[in-house]
Amino acid sequence: VKSNAYGHGLIETAKIFLESGANWLSVNALYEAKKMRKNGIDCPILILGYVPLESLKEALEIDARMIVYNRETIERLNKEAVALGKKAKIHIKVETGNNRQGVLPEELADFAKYVQSFSNIEIEGMSTHFANIEDTTDHSYARAQIEKFLKAEKILNEIGINIQIKHCA
């Protein structure tokens, strides 16, 4: 339902999806997650966009999950989670070729170990974002991105981290 469900109405669409069997919803920004909570939506909500450091406490207060790919967010998120007595659930974004944001596969093991050094953060999932899936009929680049994503998952498995939720968009 991100970005006002692309113009279809955030709350209206969220309710339809939940009534139809969805058990998670994703939004782009914290304000959308807050609006959903204020309207009684209590399922897990994943914020796909960047959550500024000064807003991490608010995200935790409404039990939102977040996409994370940098150490400064991890540090602040843990600090806020400790203060609130909560466990932050994160999804690590892996850079597979969109070249905007994410943890490079060769840095993934170190980043995941770093995350695990914080007591109040749980790695719940991992994700990536396709670079050019809508504007082409040649999906070879997207297939290459999926291969990188699967290799990233293998990297984590090899160091004993089993990711339960994996998603690409």
# chains A, B, ... in the order shown; residues from 1 in each chain; ligands from 1

$ residues_around --residues "Ile74 (chain A)" --least-positions-apart "4" --cutoff "7 Å" --atoms "only C-alpha atoms" --output "ChimeraX atom specification"
/A:70,78,115

$ select_by_dssp --residues "region 27-105 of chain A" --states "alpha helix (DSSP H)" --output "number ranges by chain"
A: 30-38, 56-61, 71-84, 105

$ closest_residue --among "A:Gly9, A:Pro52, A:Gly97, A:Gly102" --to "Ala131 (chain A)" --atoms "only C-alpha atoms"
A:Gly97

$ closest_residue --among "A:Asn120, A:Ser55, A:Thr136, A:Thr128" --to "Leu84 (chain A)" --atoms "only C-alpha atoms"
A:Asn120

$ closest_residue --among "A:Ala29, A:Ala169, A:Leu46, A:Val82" --to "Glu134 (chain A)" --atoms "only C-alpha atoms"
A:Ala169

$ residues_around --residues "Cys43 (chain A)" --least-positions-apart "3" --cutoff "9 Å" --atoms "only C-alpha atoms" --output "PDB file with C-alpha atoms, in the first residue's frame"
ATOM      1  CA  LEU A  18      -6.304  -7.629   4.921  1.00  0.00           C
ATOM      2  CA  ASN A  23      -1.123 -10.637   6.768  1.00  0.00           C
ATOM      3  CA  TRP A  24       1.589  -7.973   6.183  1.00  0.00           C
ATOM      4  CA  LEU A  25       1.558  -4.576   4.535  1.00  0.00           C
ATOM      5  CA  ARG A  37      -1.938   2.427  13.110  1.00  0.00           C
TER       6      ARG A  37
END

$ closest_residue --among "A:Ile155, A:Val103, A:Leu30, A:Met36" --to "Leu10 (chain A)" --atoms "only C-alpha atoms"
A:Met36

$ residues_around --residues "Gly160 (chain A)" --least-positions-apart "5" --cutoff "12 Å" --atoms "only C-alpha atoms" --output "list in words"
Ala109, Ala112, Lys113, Gln116, Glu153, Lys154 and Ile155 of chain A

$ write_last_selection --atoms "N, CA, C and O atoms" --output "compact mmCIF listing (two decimals), in the first residue's frame"
# COMPACT_ATOMS: atom_id res chain seq x y z
N ALA A 109 28.31 -10.14 5.23
CA ALA A 109 28.62 -10.95 6.42
C ALA A 109 29.06 -10.07 7.57
O ALA A 109 28.57 -10.23 8.70
N ALA A 112 26.00 -8.07 8.88
CA ALA A 112 25.07 -8.90 9.64
C ALA A 112 25.64 -9.26 11.01
O ALA A 112 24.91 -9.23 12.01
N LYS A 113 26.92 -9.56 11.07
CA LYS A 113 27.55 -9.83 12.37
C LYS A 113 27.50 -8.59 13.25
O LYS A 113 27.28 -8.68 14.46
N GLN A 116 24.08 -8.27 14.67
CA GLN A 116 23.86 -9.27 15.71
C GLN A 116 24.56 -8.92 17.03
O GLN A 116 24.22 -9.47 18.07
N GLU A 153 22.02 -14.52 0.30
CA GLU A 153 21.38 -15.40 1.28
C GLU A 153 22.33 -16.53 1.68
O GLU A 153 22.45 -16.87 2.87
N LYS A 154 23.02 -17.09 0.71
CA LYS A 154 23.98 -18.17 0.99
C LYS A 154 25.11 -17.68 1.89
O LYS A 154 25.54 -18.40 2.80
N ILE A 155 25.57 -16.46 1.66
CA ILE A 155 26.62 -15.87 2.51
C ILE A 155 26.15 -15.85 3.96
O ILE A 155 26.90 -16.23 4.87

$ select_by_dssp --residues "region 108-150 of chain A" --states "strand (DSSP E or B)" --output "mmCIF file with N, CA, C and O atoms, in the first residue's frame"
data_model
loop_
_atom_site.group_PDB
_atom_site.id
_atom_site.type_symbol
_atom_site.label_atom_id
_atom_site.label_comp_id
_atom_site.auth_asym_id
_atom_site.auth_seq_id
_atom_site.Cartn_x
_atom_site.Cartn_y
_atom_site.Cartn_z
ATOM 1 N N ILE A 121 18.144 -5.804 18.523
ATOM 2 C CA ILE A 121 17.821 -5.813 17.096
ATOM 3 C C ILE A 121 17.777 -7.249 16.602
ATOM 4 O O ILE A 121 18.664 -8.043 16.897
ATOM 5 N N GLU A 122 16.736 -7.553 15.858
ATOM 6 C CA GLU A 122 16.568 -8.879 15.268
ATOM 7 C C GLU A 122 16.532 -8.745 13.748
ATOM 8 O O GLU A 122 15.776 -7.942 13.209
ATOM 9 N N ILE A 123 17.354 -9.531 13.081
ATOM 10 C CA ILE A 123 17.300 -9.581 11.618
ATOM 11 C C ILE A 123 16.143 -10.503 11.257
ATOM 12 O O ILE A 123 16.209 -11.708 11.422
ATOM 13 N N GLU A 124 15.085 -9.903 10.775
ATOM 14 C CA GLU A 124 13.875 -10.646 10.447
ATOM 15 C C GLU A 124 13.823 -11.024 8.971
ATOM 16 O O GLU A 124 13.228 -12.024 8.594
ATOM 17 N N GLY A 125 14.454 -10.197 8.130
ATOM 18 C CA GLY A 125 14.365 -10.450 6.705
ATOM 19 C C GLY A 125 15.473 -9.776 5.929
ATOM 20 O O GLY A 125 16.320 -9.083 6.497
ATOM 21 N N MET A 126 15.461 -10.010 4.631
ATOM 22 C CA MET A 126 16.384 -9.337 3.721
ATOM 23 C C MET A 126 15.648 -9.069 2.421
ATOM 24 O O MET A 126 14.715 -9.780 2.061
ATOM 25 N N SER A 127 16.079 -7.998 1.748
ATOM 26 C CA SER A 127 15.395 -7.608 0.524
ATOM 27 C C SER A 127 16.381 -7.014 -0.467
ATOM 28 O O SER A 127 17.527 -6.740 -0.144
ATOM 29 N N THR A 128 15.885 -6.820 -1.674
ATOM 30 C CA THR A 128 16.607 -6.060 -2.688
ATOM 31 C C THR A 128 15.563 -5.369 -3.551
ATOM 32 O O THR A 128 14.362 -5.581 -3.376
#

$ closest_residue --among "A:Asn132, A:Ser119, A:Asn4, A:Thr13" --to "Val27 (chain A)" --atoms "only C-alpha atoms"
A:Asn4

$ residues_around --residues "Ile146 (chain A)" --least-positions-apart "2" --cutoff "12 Å" --atoms "only C-alpha atoms" --output "list in words"
Val94, Glu95, Thr96, Gly97, Asn98, Ser127, Thr128, His129, Phe130, Ala131, Ile133, His139, Ser140, Tyr141, Ala142, Arg143, Ala144, Lys148, Phe149, Leu150, Lys151, Ala152, Glu153, Lys166, His167, Cys168 and Ala169 of chain A
